[in-house]
Amino acid sequence: MNTIRTAMLLAAMTALFMGVGFLIGGTSGMMIALVVAAGTNLFSYWNADKMVLSMNHAIEVDEKNAPEYHAIVKGLAQRAGLPMPRTYLIDNPQPNAFATGRNPQNAAVAASTGLLQALTHEEVAAVMAHELAHVQHRDTLTMTIVATFAGAISMLGNFAFFFGGNRDNNNPFGFVGVLVAMIVAPFAAMVVQMAVSRTREYEADRRGAEICGHPLWLASALDKIARGAERIRNPDAERNPATAHLFIINPLSGERMDNLFSTHPSTENRIAALQAMAREMGGSGAASETAGAPGRASAPRQAEERQPSGPWDRAARPQAPAEPARPKPNPWGRNPTGPKGPWS
C-alpha cells in the first residue's frame, strides 16, 4: 500500500512539475520539466536523505561520542523490530528532530542539541520512537521526496519571471501564464506538503507511543518542543522551508494553527490524542513490559511516577562517584575525552 501511495505521489508531483513548465514555456517547457522531473525522481530516491541532512548541518554520531543518545535509539529500534538507523546530531538550540531515508535499511534519525538539553531522558526516548514510527511506516521516503520536489517546484516558480517572458517560446498564455506559475507553483507545492504531513504525524504519534510504551512521555515532549520552537528560530529550516514537514514540530516561525495552511496538526490536538491513548492503556500510559526508558535500566514504580526535574532526569537521581578514568557524559551523552563534533 505504501509503495502504491509513493508511486501516486511521484506521479502527482511530476504532473505538477510539468504543469508549471507548460505555464512557463508551453509544450517545450512541459517537456523540459518532464526531463527535470525524471531526474529529480531518481535523485530523490538515492540522495534526498543526504541532502536534507546536509541542509541541516547534521553530524553523524555513534556510541563513542554520543553513547546515551545512541543507546536510546538502539533500544527503541530493537523494540520496534527495525534495523539500527544512523544517528545524527544537529548543533541547533531549537528542540526538534526528524527522520529520513529511502527505507528502514537506509534510515537515519536526527535530533538537535537543543532537544537533548531541554527534554528528559524519557521524553527524548518518546521523540525518537515517533521518528522510528515514520521509518517503520516508510513515511521517510515519501516525505523526503516531497521536500525535494517542493523545493524544485518553488524554485521553478521563482525563476518563471526570468525564463517565461521570452517571446520566442510557445507559451500560449504569455505573461499571464508566467504570473500564474509564479503564484501557484509555491502554493501548490505547499499544499502537497500539508496533505502528506498532517495525517502521518497523528499515525506516527500513536505508533511512537506504542513503541516506547508511554503516550504521556510523548505528550510532554511535544509540549516542550512546541514552546521551544516558538521562542527559538531555526535558521537552517528558515532557509529551506520545503523540509519543514519532516520535523516532529514545525520549525518555522508563525506556523501554530491547525488549519489548511499548516504543515503540522495542532500540538494541542496531538497531545489530546495521546492523553486519550494513555487513558485507553490504563491511565498512566505505561506498558508493563516497558517500565524504563530505552537505554536506561528499569527503576522502581515510585521513581517512575515522580516528575522529572532536569535534562535527562539526572538532577533528582543519586549518582555514583565517577571513576577518574571514566568521566561522566554531559546531558546529551558526549564523552568529554572522546571524539568531539561541532556541538562541543
# chains A, B, ... in the order shown; residues from 1 in each chain; ligands from 1

$ residues_around --residues "Asp49 in chain A" --least-positions-apart "4" --cutoff "9 Å" --atoms "only C-alpha atoms" --output "list in words"
Ser44, Tyr45, Leu53, Ser54, Ala99, Thr100, Gly101, Arg102, Ala107, Ala108, Thr140, Leu141, Thr144 and Ile145 of chain A

$ residues_around --residues "Asp236 in chain A" --least-positions-apart "6" --cutoff "9 Å" --atoms "only C-alpha atoms" --output "PyMOL selection string"
chain A and resi 55-57

$ closest_atom_pairs --of "range 220-259 of chain A" --to "range 269-274 of chain A" --cutoff "10 Å" --atoms "only C-alpha atoms" --output "Markdown table"
| residue | atom | partner | partner_atom | distance |
| --- | --- | --- | --- | --- |
| A:Ser220 | CA | A:Ile271 | CA | 7.9 |
| A:Ala221 | CA | A:Ile271 | CA | 9.5 |
| A:Leu222 | CA | A:Ile271 | CA | 7.2 |
| A:Asp223 | CA | A:Ile271 | CA | 7.6 |
| A:Asp258 | CA | A:Asn269 | CA | 8.4 |

$ select_by_dssp --residues "range 31-80 of chain A" --states "strand (DSSP E or B)" --output "JSON, numbers by chain"
{"A": [58, 59, 60, 61]}

$ write_last_selection --atoms "C-alpha atoms" --output "CSV table (one decimal), in the first residue's frame"
chain,number,residue,atom,x,y,z
A,58,ALA,CA,23.7,17.2,10.8
A,59,ILE,CA,26.7,15.3,12.0
A,60,GLU,CA,26.7,11.5,12.4
A,61,VAL,CA,27.4,10.2,15.9

$ atom_distance --atom1 "CA of Glu68 in chain A" --atom2 "CA of Leu115 in chain A"
13.6 Å

$ atom_distance --atom1 "CA of Pro265 in chain A" --atom2 "CA of Ala37 in chain A"
29.2 Å

$ closest_residue --among "A:Thr87, A:Gln136, A:Thr199, A:Ser253" --to "Arg231 in chain A" --atoms "only C-alpha atoms"
A:Ser253

$ atom_distance --atom1 "CA of Ser112 in chain A" --atom2 "CA of Val135 in chain A"
18.3 Å

$ closest_residue --among "A:Val124, A:Leu89, A:Ala71, A:Val20" --to "Val109 in chain A" --atoms "only C-alpha atoms"
A:Leu89

$ closest_residue --among "A:Asp62, A:Glu123, A:Glu210, A:Asp205" --to "Ile248 in chain A" --atoms "only C-alpha atoms"
A:Asp205
